[in-house]
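Engineer: Structure file target_4.txt (compact mmCIF, C-alpha atoms) right here:
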```txt
# COMPACT_ATOMS: atom_id res chain seq x y z
CA MET R 1 202.47 108.71 63.17
CA LYS R 2 204.55 111.85 63.06
CA GLU R 3 205.16 113.83 66.24
CA GLN R 4 203.84 116.91 64.49
CA ASP R 5 200.54 115.16 63.68
CA ILE R 6 200.11 114.23 67.34
CA HIS R 7 200.85 117.82 68.28
CA HIS R 8 198.17 119.03 65.83
CA ILE R 9 195.64 116.58 67.22
CA TRP R 10 196.14 117.83 70.78
CA LYS R 11 196.02 121.41 69.62
CA TYR R 12 192.71 120.62 67.96
CA LEU R 13 191.36 118.87 71.05
CA ASP R 14 192.46 121.74 73.30
CA ASN R 15 190.55 124.18 71.06
CA GLU R 16 193.75 126.02 70.27
CA ALA R 17 193.76 125.32 66.53
CA THR R 18 192.85 128.09 64.09
CA PRO R 19 189.72 127.61 61.92
CA SER R 20 191.89 126.70 58.90
CA GLU R 21 193.90 124.17 60.96
CA ARG R 22 190.65 122.67 62.23
CA GLY R 23 189.36 122.36 58.68
CA GLN R 24 192.57 120.68 57.50
CA LEU R 25 192.56 118.23 60.38
CA GLN R 26 188.91 117.31 59.92
CA LYS R 27 189.49 116.76 56.18
CA ARG R 28 192.48 114.54 56.87
CA ALA R 29 190.51 112.54 59.41
CA THR R 30 187.88 111.89 56.75
CA ASP R 31 190.44 110.87 54.10
CA ASP R 32 192.93 108.97 56.25
CA ALA R 33 191.50 106.13 58.35
CA ALA R 34 194.70 105.60 60.35
CA PHE R 35 194.85 109.26 61.23
CA ASN R 36 191.18 109.17 62.17
CA ALA R 37 191.82 106.26 64.52
CA GLU R 38 194.61 108.20 66.21
CA LEU R 39 192.33 111.19 66.56
CA GLN R 40 189.53 109.06 68.01
CA THR R 41 191.88 107.49 70.54
CA ARG R 42 193.03 110.83 71.81
CA GLN R 43 189.53 112.25 71.70
CA GLN R 44 188.36 109.48 74.00
CA LEU R 45 191.29 109.93 76.33
CA ASN R 46 190.59 113.66 76.41
CA HIS R 47 186.94 112.97 77.18
CA ALA R 48 187.84 110.47 79.90
CA LEU R 49 190.19 112.99 81.49
CA GLN R 50 187.45 115.61 81.43
CA GLN R 51 185.07 113.18 83.10
CA MET R 52 187.42 112.50 86.01
CA GLU R 53 185.92 113.26 89.39
CA THR R 54 187.51 114.80 92.42
CA GLU R 55 188.64 112.57 95.26
CA GLN R 56 186.76 112.72 98.53
CA PRO R 57 188.66 113.42 101.72
CA SER R 58 187.46 111.81 104.94
CA MET R 59 184.24 112.96 106.62
CA ARG R 60 186.23 114.54 109.41
CA PHE R 61 188.44 116.58 107.10
CA MET R 62 186.69 119.91 107.55
CA MET R 63 186.27 119.41 111.28
CA ASN R 64 189.96 118.62 111.60
CA VAL R 65 190.86 121.85 109.81
CA MET R 66 188.45 123.90 111.91
CA ASP R 67 189.70 122.25 115.12
CA ARG R 68 193.21 123.38 114.33
CA LEU R 69 192.26 127.03 113.89
CA PRO R 70 191.91 128.07 117.57
CA GLN R 71 195.46 126.87 118.16
CA LEU R 72 196.59 129.72 115.97
CA TYR R 73 195.27 132.09 118.58
CA LYS R 74 197.32 130.83 121.53
CA LYS R 75 197.73 133.43 124.21
CA ILE R 76 201.11 135.06 124.02
CA VAL R 77 202.95 134.67 127.30
CA ILE R 78 203.99 138.14 128.31
CA LYS R 79 206.33 138.53 131.26
CA PRO R 80 205.62 141.68 133.27
CA LEU R 81 208.36 144.26 133.14
CA VAL R 82 208.09 144.71 136.91
CA LYS R 83 207.54 141.64 139.03
CA PRO R 84 204.34 141.72 141.15
CA ILE R 85 206.40 141.50 144.33
CA TRP R 86 208.09 144.81 143.52
CA VAL R 87 204.76 146.42 142.73
CA LYS R 88 203.47 145.22 146.11
CA GLY R 89 206.64 146.44 147.79
CA PHE R 90 206.28 149.82 146.15
CA LEU R 91 202.68 150.14 147.30
CA TYR R 92 203.55 149.12 150.86
CA THR R 93 206.41 151.62 150.94
CA LEU R 94 204.13 154.31 149.61
CA GLY R 95 201.58 153.49 152.28
CA ALA R 96 204.23 153.52 154.98
CA LEU R 97 205.58 156.86 153.80
CA ALA R 98 202.07 158.33 153.73
CA LEU R 99 201.42 157.18 157.26
CA THR R 100 204.76 158.52 158.48
CA TYR R 101 204.06 161.81 156.78
CA ALA R 102 200.67 161.97 158.41
CA GLY R 103 202.27 161.20 161.77
CA VAL R 104 204.81 163.97 161.39
CA VAL R 105 202.14 166.43 160.40
CA ALA R 106 199.99 165.48 163.35
CA GLN R 107 202.98 166.00 165.67
CA TYR R 108 203.51 169.51 164.38
CA VAL R 109 199.87 170.40 164.71
CA GLN R 110 199.75 169.18 168.26
CA SER R 111 203.02 170.64 169.50
CA ALA R 112 203.11 174.35 168.82
CA GLU R 113 201.62 177.49 167.48
CA LYS R 114 204.34 177.21 164.83
CA ALA R 115 201.95 174.95 163.00
CA ALA R 116 200.56 177.87 161.08
CA SER R 117 203.97 178.71 159.66
CA ILE R 118 204.63 175.20 158.34
CA SER R 119 204.90 175.32 154.62
CA LEU R 120 204.60 171.59 153.77
CA PRO R 121 202.07 170.98 150.97
CA GLY R 122 198.58 170.08 152.15
CA VAL R 123 199.71 170.12 155.73
CA GLU R 124 196.79 172.16 156.96
CA ALA R 125 194.07 169.99 155.47
CA VAL R 126 195.72 166.70 156.38
CA GLY R 127 196.75 168.07 159.77
CA ASN R 128 193.27 169.19 160.68
CA ALA R 129 191.77 165.90 159.57
CA LEU R 130 194.24 163.83 161.54
CA ALA R 131 194.78 166.17 164.43
CA GLY R 132 192.66 164.04 166.71
CA LEU R 133 195.04 161.06 166.60
CA PRO R 134 198.14 160.99 168.78
CA THR R 135 201.50 161.13 166.99
CA GLN R 136 202.61 157.85 168.46
CA VAL R 137 199.81 156.01 166.68
CA TRP R 138 201.01 157.28 163.31
CA VAL R 139 204.60 156.49 164.02
CA MET R 140 203.63 153.00 165.15
CA LEU R 141 201.61 152.42 162.00
CA GLY R 142 204.56 153.55 159.88
CA VAL R 143 206.90 151.22 161.75
CA LEU R 144 204.46 148.34 161.31
CA CYS R 145 204.26 148.95 157.57
CA PHE R 146 208.04 149.04 157.18
CA SER R 147 208.32 145.90 159.28
CA TYR R 148 205.69 144.17 157.13
CA LEU R 149 207.56 145.16 154.01
CA PHE R 150 210.81 143.88 155.52
CA PHE R 151 209.24 140.53 156.35
CA VAL R 152 207.68 140.15 152.93
CA ILE R 153 211.06 140.65 151.29
CA LEU R 154 212.76 138.38 153.80
CA ASP R 155 210.12 135.69 153.19
CA ARG R 156 210.68 135.90 149.46
CA GLN R 157 214.43 135.65 149.78
CA LEU R 158 214.15 132.62 152.06
CA LYS R 159 211.68 130.94 149.70
CA LYS R 160 214.07 131.47 146.82
CA ARG R 161 216.98 130.03 148.76
CA PHE R 162 214.94 127.08 149.98
CA ALA R 163 213.66 126.31 146.50
CA ARG R 164 217.17 126.42 145.06
CA LYS R 165 218.47 123.99 147.67
CA SER R 166 215.60 121.54 147.27
CA MET K 167 182.19 132.64 92.14
CA MET K 168 185.15 134.98 92.37
CA GLU K 169 183.01 137.69 93.99
CA ASP K 170 181.74 135.17 96.49
CA ASP K 171 185.28 134.16 97.31
CA ILE K 172 186.32 137.77 97.85
CA GLN K 173 183.36 138.38 100.15
CA MET K 174 184.15 135.28 102.14
CA ILE K 175 187.83 136.23 102.39
CA GLU K 176 186.90 139.65 103.72
CA ALA K 177 184.61 138.03 106.28
CA VAL K 178 187.42 135.68 107.35
CA LEU K 179 189.79 138.61 107.74
CA GLN K 180 187.25 140.22 110.05
CA GLY K 181 187.39 137.12 112.25
CA ASN K 182 184.45 135.17 110.84
CA GLN K 183 185.47 131.53 111.08
CA THR K 184 182.22 130.31 109.56
CA ALA K 185 183.20 132.04 106.32
CA PHE K 186 186.46 130.13 106.36
CA GLN K 187 184.54 126.92 106.95
CA ARG K 188 182.58 127.65 103.78
CA LEU K 189 185.81 128.17 101.83
CA VAL K 190 187.13 124.84 103.11
CA GLU K 191 183.86 123.16 102.20
CA GLN K 192 184.00 124.59 98.71
CA TYR K 193 187.59 123.73 97.87
CA GLN K 194 188.46 120.71 100.03
CA HIS K 195 187.89 118.18 97.24
CA PHE K 196 190.10 120.00 94.75
CA VAL K 197 192.89 120.60 97.23
CA PHE K 198 192.72 117.01 98.44
CA THR K 199 192.78 115.68 94.87
CA ILE K 200 195.87 117.73 93.97
CA ALA K 201 197.61 116.51 97.13
CA LEU K 202 196.59 112.91 96.48
CA ARG K 203 197.82 112.98 92.89
CA ILE K 204 201.20 114.20 94.08
CA LEU K 205 201.61 112.21 97.30
CA LYS K 206 199.85 108.99 96.20
CA SER K 207 198.70 108.23 99.75
CA ARG K 208 195.33 109.22 101.18
CA GLU K 209 196.66 109.75 104.71
CA GLU K 210 199.53 111.95 103.60
CA ALA K 211 197.30 113.80 101.16
CA GLU K 212 194.75 114.50 103.87
CA GLU K 213 197.41 115.81 106.22
CA ALA K 214 198.95 117.95 103.48
CA ALA K 215 195.53 119.29 102.47
CA GLN K 216 194.84 120.27 106.08
CA ASP K 217 198.21 122.02 106.22
CA VAL K 218 197.27 123.89 103.04
CA PHE K 219 194.12 125.32 104.59
CA ILE K 220 195.93 126.25 107.79
CA LYS K 221 198.64 128.02 105.76
CA VAL K 222 195.97 129.80 103.74
CA TYR K 223 194.19 130.87 106.92
CA LYS K 224 197.41 132.25 108.37
CA THR K 225 198.42 134.12 105.24
CA LEU K 226 195.03 135.16 103.92
CA GLY K 227 195.93 138.77 104.65
CA ASN K 228 198.74 138.49 102.06
CA PHE K 229 196.37 137.48 99.26
CA GLU K 230 196.50 140.45 96.89
CA LYS K 231 193.38 139.57 94.88
CA LYS K 232 195.31 140.06 91.62
CA SER K 233 194.56 136.50 90.61
CA LYS K 234 191.67 134.18 91.39
CA PHE K 235 191.53 132.86 94.94
CA SER K 236 191.44 129.32 93.56
CA THR K 237 194.72 129.92 91.67
CA TRP K 238 196.35 131.17 94.84
CA LEU K 239 194.93 128.28 96.87
CA TYR K 240 196.11 125.69 94.33
CA THR K 241 199.55 127.29 94.29
CA VAL K 242 199.79 126.73 98.03
CA ALA K 243 198.40 123.21 97.61
CA TYR K 244 200.80 122.33 94.79
CA ARG K 245 203.86 123.65 96.60
CA THR K 246 202.94 122.10 99.94
CA ALA K 247 202.38 118.69 98.38
CA ILE K 248 205.52 118.87 96.24
CA ASP K 249 207.58 119.91 99.29
CA THR K 250 206.13 117.03 101.31
CA ALA K 251 206.86 114.60 98.49
CA ARG K 252 210.43 115.84 98.22
CA LYS K 253 210.97 115.70 101.97
CA LYS K 254 209.76 112.16 102.15
CA GLN K 255 211.70 111.32 99.01
CA LEU K 256 208.68 109.62 97.66
CA LEU K 257 209.73 106.78 95.43
CA THR K 258 207.29 107.06 92.60
CA ASP K 259 207.08 104.19 90.23
CA SER K 260 206.84 106.48 87.26
CA ILE K 261 205.43 105.01 84.10
CA ASP K 262 207.20 107.75 82.26
CA ASP K 263 210.52 106.06 82.97
CA ASP K 264 209.28 102.58 82.45
CA GLN K 265 210.53 101.17 79.18
CA ALA K 266 208.22 98.18 79.51
CA PHE K 267 205.39 100.14 77.99
CA LEU K 268 205.59 99.62 74.29
CA GLN K 269 204.35 101.89 71.59
CA LEU K 270 201.54 100.30 69.67
CA GLU K 271 201.75 100.15 65.93
CA ASP K 272 199.22 102.22 64.07
CA SER K 273 196.04 100.28 63.60
CA LYS K 274 192.54 100.83 62.34
CA ASN K 275 191.07 99.89 65.70
CA THR K 276 190.48 102.42 68.41
CA PRO K 277 192.04 100.81 71.44
CA LEU K 278 190.55 103.23 73.90
CA GLN K 279 187.08 102.31 72.73
CA ASP K 280 187.85 98.76 73.75
CA VAL K 281 189.51 99.82 76.93
CA GLN K 282 186.28 101.49 77.98
CA GLN K 283 184.81 98.03 78.39
CA TYR K 284 187.42 97.40 81.06
CA ASP K 285 186.56 100.43 83.08
CA LEU K 286 188.50 103.25 81.49
CA GLN K 287 188.06 105.57 84.39
CA ARG K 288 189.55 103.12 86.87
CA GLN K 289 192.51 102.43 84.62
CA LEU K 290 193.01 106.10 84.02
CA GLN K 291 193.12 106.73 87.76
CA GLU K 292 195.69 103.97 88.13
CA ALA K 293 197.74 105.38 85.29
CA ILE K 294 197.70 108.86 86.82
CA GLN K 295 198.76 107.36 90.15
CA LYS K 296 201.88 106.08 88.42
CA LEU K 297 202.84 109.39 86.90
CA LYS K 298 205.55 111.62 88.30
CA PRO K 299 204.06 113.88 91.03
CA GLU K 300 204.52 117.04 88.95
CA ASP K 301 202.97 115.50 85.84
CA ALA K 302 200.03 114.08 87.77
CA ALA K 303 199.42 117.50 89.31
CA LEU K 304 199.57 119.12 85.88
CA ILE K 305 196.93 116.79 84.44
CA THR K 306 194.75 117.33 87.52
CA LEU K 307 195.00 121.10 87.31
CA TYR K 308 194.30 121.15 83.60
CA TYR K 309 191.35 118.78 83.54
CA LEU K 310 189.88 118.59 87.00
CA ASN K 311 190.32 122.13 88.09
CA GLU K 312 189.89 123.42 84.54
CA LYS K 313 192.81 125.76 84.84
CA SER K 314 194.21 127.45 81.78
CA VAL K 315 197.83 126.96 80.79
CA LYS K 316 198.52 130.51 81.97
CA GLU K 317 197.08 129.80 85.41
CA ILE K 318 199.05 126.57 85.60
CA THR K 319 202.26 128.50 84.95
CA GLU K 320 201.34 130.71 87.91
CA ILE K 321 200.64 127.73 90.14
CA THR K 322 203.62 125.58 89.22
CA GLY K 323 206.17 128.23 88.38
CA LEU K 324 206.88 126.54 85.04
CA THR K 325 207.01 128.41 81.74
CA GLU K 326 204.08 128.27 79.31
CA THR K 327 206.10 126.23 76.80
CA ASN K 328 207.17 123.87 79.54
CA VAL K 329 203.59 123.35 80.72
CA LYS K 330 202.39 122.70 77.17
CA THR K 331 205.22 120.27 76.45
CA LYS K 332 204.73 118.40 79.72
CA LEU K 333 200.98 118.25 79.19
CA HIS K 334 201.42 116.89 75.68
CA ARG K 335 203.99 114.34 76.82
CA THR K 336 202.00 113.22 79.86
CA ARG K 337 198.86 112.66 77.83
CA GLU K 338 200.80 110.56 75.36
CA VAL K 339 202.27 108.57 78.24
CA LEU K 340 198.76 107.96 79.55
CA ARG K 341 197.57 106.89 76.13
CA GLU K 342 200.47 104.48 75.79
CA HIS K 343 199.83 103.10 79.24
CA LEU K 344 196.15 102.52 78.57
CA THR K 345 196.91 100.89 75.24
CA GLU K 346 199.41 98.62 76.94
CA GLN K 347 196.84 97.73 79.59
CA LEU K 348 194.40 96.76 76.88
CA GLN K 349 196.93 94.56 75.15
CA ALA K 350 197.74 92.79 78.39
CA GLU K 351 194.08 92.18 79.18
CA VAL K 352 193.33 90.92 75.67
CA LYS K 353 196.30 88.57 75.98
CA ASP K 354 194.93 87.25 79.25
CA LEU K 355 191.56 86.62 77.64
CA ILE K 356 193.17 84.67 74.79
```
Could you rewrite the structure in this file as structure tokens?

Structural biologist:
Amino acid sequence: MKEQDIHHIWKYLDNEATPSERGQLQKRATDDAAFNAELQTRQQLNHALQQMETEQPSMRFMMNVMDRLPQLYKKIVIKPLVKPIWVKGFLYTLGALALTYAGVVAQYVQSAEKAASISLPGVEAVGNALAGLPTQVWVMLGVLCFSYLFFVILDRQLKKRFARKS
Amino acid sequence: MMEDDIQMIEAVLQGNQTAFQRLVEQYQHFVFTIALRILKSREEAEEAAQDVFIKVYKTLGNFEKKSKFSTWLYTVAYRTAIDTARKKQLLTDSIDDDQAFLQLEDSKNTPLQDVQQYDLQRQLQEAIQKLKPEDAALITLYYLNEKSVKEITEITGLTETNVKTKLHRTREVLREHLTEQLQAEVKDLI
């Protein structure tokens, strides 16, 4: 059997042959028994290949795929630009400064008639609101806040050092 | 079918995992079969097929909808399985290289008709298992997935002539193998 004949047979079976080629091949198959046998063989193989069925994956296949999907959405670990301790420190400092400021304002209001001439922003409103409290209370609160801040930082530094040693 | 796929893809891209589950359900058998034909082991094929769907899920946004979704999916499946096979340096006992299979002389009988009595389908599966991974995938894509030669060129990256030649050659190898099987079985019976 010539290679070209085999090629023509497959072309015919793949429906790629022209009408005239199909006619020629069918005529030859009728006239030539050996050629017909070759055609039949390939026709059956072609049919068997077309009848092939897909393979079945395991029952858990789809569940396994779906189980793996959430892992694609792992939370991204983002480190804060400013550590929480510094944020806390900033807030404590702000609080301490506010208290000190309030203390200073209260002192001015209490001490002299000069209070009216003070040009600090919001002094009058804050001063009037806090005028009832003695200056020493405000100063003490400010000192307490600064001390607290100092101890927080000291505590952190000691923890760091202790952790490093252990 | 293609419209359905597009709708499901759009749903997946909007975060609908159930739509993706439907895509997996629809294509799992085809993807698994391609992987199995290439890797020859059910466990490895199952793992590779899972990887295919995960890859597809991750890169679904890159699917340009120029070709069919199935063509794109099978491209991922083909390449993933081929890469796995290459990495594991799968030693395939290829019947293509085996000189033991003799060419039958022309005869008036139709050997395949006789082979059918000995479970043609089973023998065909065995024969395909022995093919080179690329050739087995080609036969699977052409017959099982009913892909045109043009689509196969897209999936495999081979030229049209190359696909046609390989297809022709592989089918002849299968025919020879089945004929040889028949001869052996007839000999045993005698």

Engineer: Provide the atom CA of Thr345 of chain K to atom CA of Trp10 of chain R distance in Å, to one decimal place.

Structural biologist: 17.5 Å

Engineer: Taking all atoms listed in the file into account, name the residue in K:Ser314, K:Thr241, K:Asn228, K:Gln180 that is nearest to chain R.

Structural biologist: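 Nearest to chain R: K:Ser314.
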
Engineer: Residues within 12 Å of Asn311 of chain K, please, as a list of chain:residue names. Count all atoms listed in the file; anything in the same chain fewer than 3 positions from it doesn't count.

Structural biologist: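 My reading of the contact set: R:Leu49, R:Gln50, R:Gln51, R:Met52, R:Glu53, R:Thr54, K:Tyr193, K:His195, K:Phe196, K:Val197, K:Phe198, K:Thr199, K:Ile200, K:Ser236, K:Thr237, K:Leu239, K:Tyr240, K:Ala303, K:Leu304, K:Ile305, K:Thr306, K:Leu307, K:Tyr308, K:Ser314, K:Val315, K:Glu317, K:Ile318, K:Ile321.
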
Engineer: With 9 Å as the cut-off and all atoms listed in the file counted, what is the closest atom pair between each nearby residue of chain K and chain R? Distances in Å to one decimal, ordered by chain and number, as a tab-separated table.

Structural biologist:
```
residue	atom	partner	partner_atom	distance
K:Gln183	CA	R:Met66	CA	8.2
K:Phe186	CA	R:Met66	CA	8.6
K:Gln187	CA	R:Met66	CA	7.0
K:Val190	CA	R:Met62	CA	6.6
K:Glu191	CA	R:Met62	CA	6.9
K:Gln194	CA	R:Pro57	CA	7.5
K:His195	CA	R:Gln56	CA	5.7
K:Phe196	CA	R:Thr54	CA	6.3
K:Phe198	CA	R:Pro57	CA	6.3
K:Thr199	CA	R:Glu55	CA	5.2
K:Ile200	CA	R:Glu55	CA	9.0
K:Leu202	CA	R:Glu55	CA	8.1
K:Arg208	CA	R:Pro57	CA	7.9
K:Ala211	CA	R:Pro57	CA	8.7
K:Glu212	CA	R:Pro57	CA	6.5
K:Ala215	CA	R:Phe61	CA	8.9
K:Gln216	CA	R:Val65	CA	5.7
K:Asp217	CA	R:Val65	CA	8.2
K:Phe219	CA	R:Val65	CA	7.1
K:Ile220	CA	R:Val65	CA	7.0
K:Tyr223	CA	R:Leu69	CA	8.2
K:Lys224	CA	R:Leu72	CA	8.1
K:Asp272	CA	R:Ala34	CA	6.8
K:Ser273	CA	R:Ala34	CA	6.4
K:Lys274	CA	R:Ala34	CA	5.6
K:Asn275	CA	R:Ala37	CA	6.5
K:Thr276	CA	R:Ala37	CA	5.6
K:Pro277	CA	R:Thr41	CA	6.7
K:Leu278	CA	R:Thr41	CA	5.6
K:Gln279	CA	R:Gln44	CA	7.4
K:Leu286	CA	R:Ala48	CA	7.4
K:Gln287	CA	R:Ala48	CA	6.6
K:Leu290	CA	R:Leu49	CA	7.9
K:Gln291	CA	R:Met52	CA	8.3
K:Ile305	CA	R:Leu49	CA	8.3
K:Thr306	CA	R:Leu49	CA	8.7
K:Tyr309	CA	R:Gln50	CA	5.5
K:Leu310	CA	R:Met52	CA	6.6
K:Asn311	CA	R:Thr54	CA	9.0
K:Glu312	CA	R:Gln50	CA	8.8
K:His334	CA	R:Trp10	CA	7.3
K:Arg337	CA	R:Leu45	CA	8.2
K:Glu338	CA	R:Arg42	CA	8.5
K:Leu340	CA	R:Leu45	CA	8.4
K:Arg341	CA	R:Leu45	CA	7.0
```

Engineer: Smallest atom-to-atom distance to Tyr12 of chain R: which of R:Ala106, R:Gln24, R:Ser147, R:Gly95, using only C-alpha atoms?

Structural biologist: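 Closest to Tyr12 of chain R, using only C-alpha atoms: R:Gln24.
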
Engineer: So, with all atoms listed in the file as the atoms that count, which of K:His343, K:Lys313, K:Lys330, K:Lys298 lies closest to Lys206 of chain K?

Structural biologist: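 Going through K:His343, K:Lys313, K:Lys330, K:Lys298 one by one, the smallest distance to Lys206 of chain K is for K:Lys298.
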
Engineer: As a compact mmCIF listing (two decimals) with C-alpha atoms, in the frame of the given file, please: the residues near Lys234 of chain K (cut-off 10 Å, only C-alpha atoms, same-chain neighbours under 2 positions excluded).

Structural biologist:
```
# COMPACT_ATOMS: atom_id res chain seq x y z
CA MET K 167 182.19 132.64 92.14
CA MET K 168 185.15 134.98 92.37
CA GLU K 169 183.01 137.69 93.99
CA ASP K 171 185.28 134.16 97.31
CA ILE K 172 186.32 137.77 97.85
CA PHE K 229 196.37 137.48 99.26
CA GLU K 230 196.50 140.45 96.89
CA LYS K 231 193.38 139.57 94.88
CA LYS K 232 195.31 140.06 91.62
CA SER K 236 191.44 129.32 93.56
CA THR K 237 194.72 129.92 91.67
CA TRP K 238 196.35 131.17 94.84
CA LEU K 239 194.93 128.28 96.87
CA GLU K 317 197.08 129.80 85.41
```

Engineer: Quick one: residues within 12 Å of Phe146 of chain R, all atoms listed in the file, excluding same-chain residues fewer than 5 positions away - as a list in words?

Structural biologist: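 The filter keeps Gly89, Phe90, Leu91, Tyr92, Thr93, Leu94, Gly95, Ala96, Leu97, Ala98, Leu99, Thr100, Val139, Met140, Leu141, Phe151, Val152 and Ile153 of chain R.
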
Engineer: Report, in Å to a single decimal, how far apart atom CA of Ala247 of chain K and atom CA of Ala185 of chain K are.

Structural biologist: 24.7 Å

Engineer: Quick one, how far is atom CA of Ala29 of chain R from atom CA of Gln4 of chain R?

Structural biologist: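 Taking atom CA of Ala29 of chain R and atom CA of Gln4 of chain R, their separation equals 14.9 Å.
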
Engineer: Which residue, K:Arg245, K:Gly227, K:Glu300, K:Thr327, has the smallest gap to Ala177 of chain K when you use all atoms listed in the file?

Structural biologist: K:Gly227
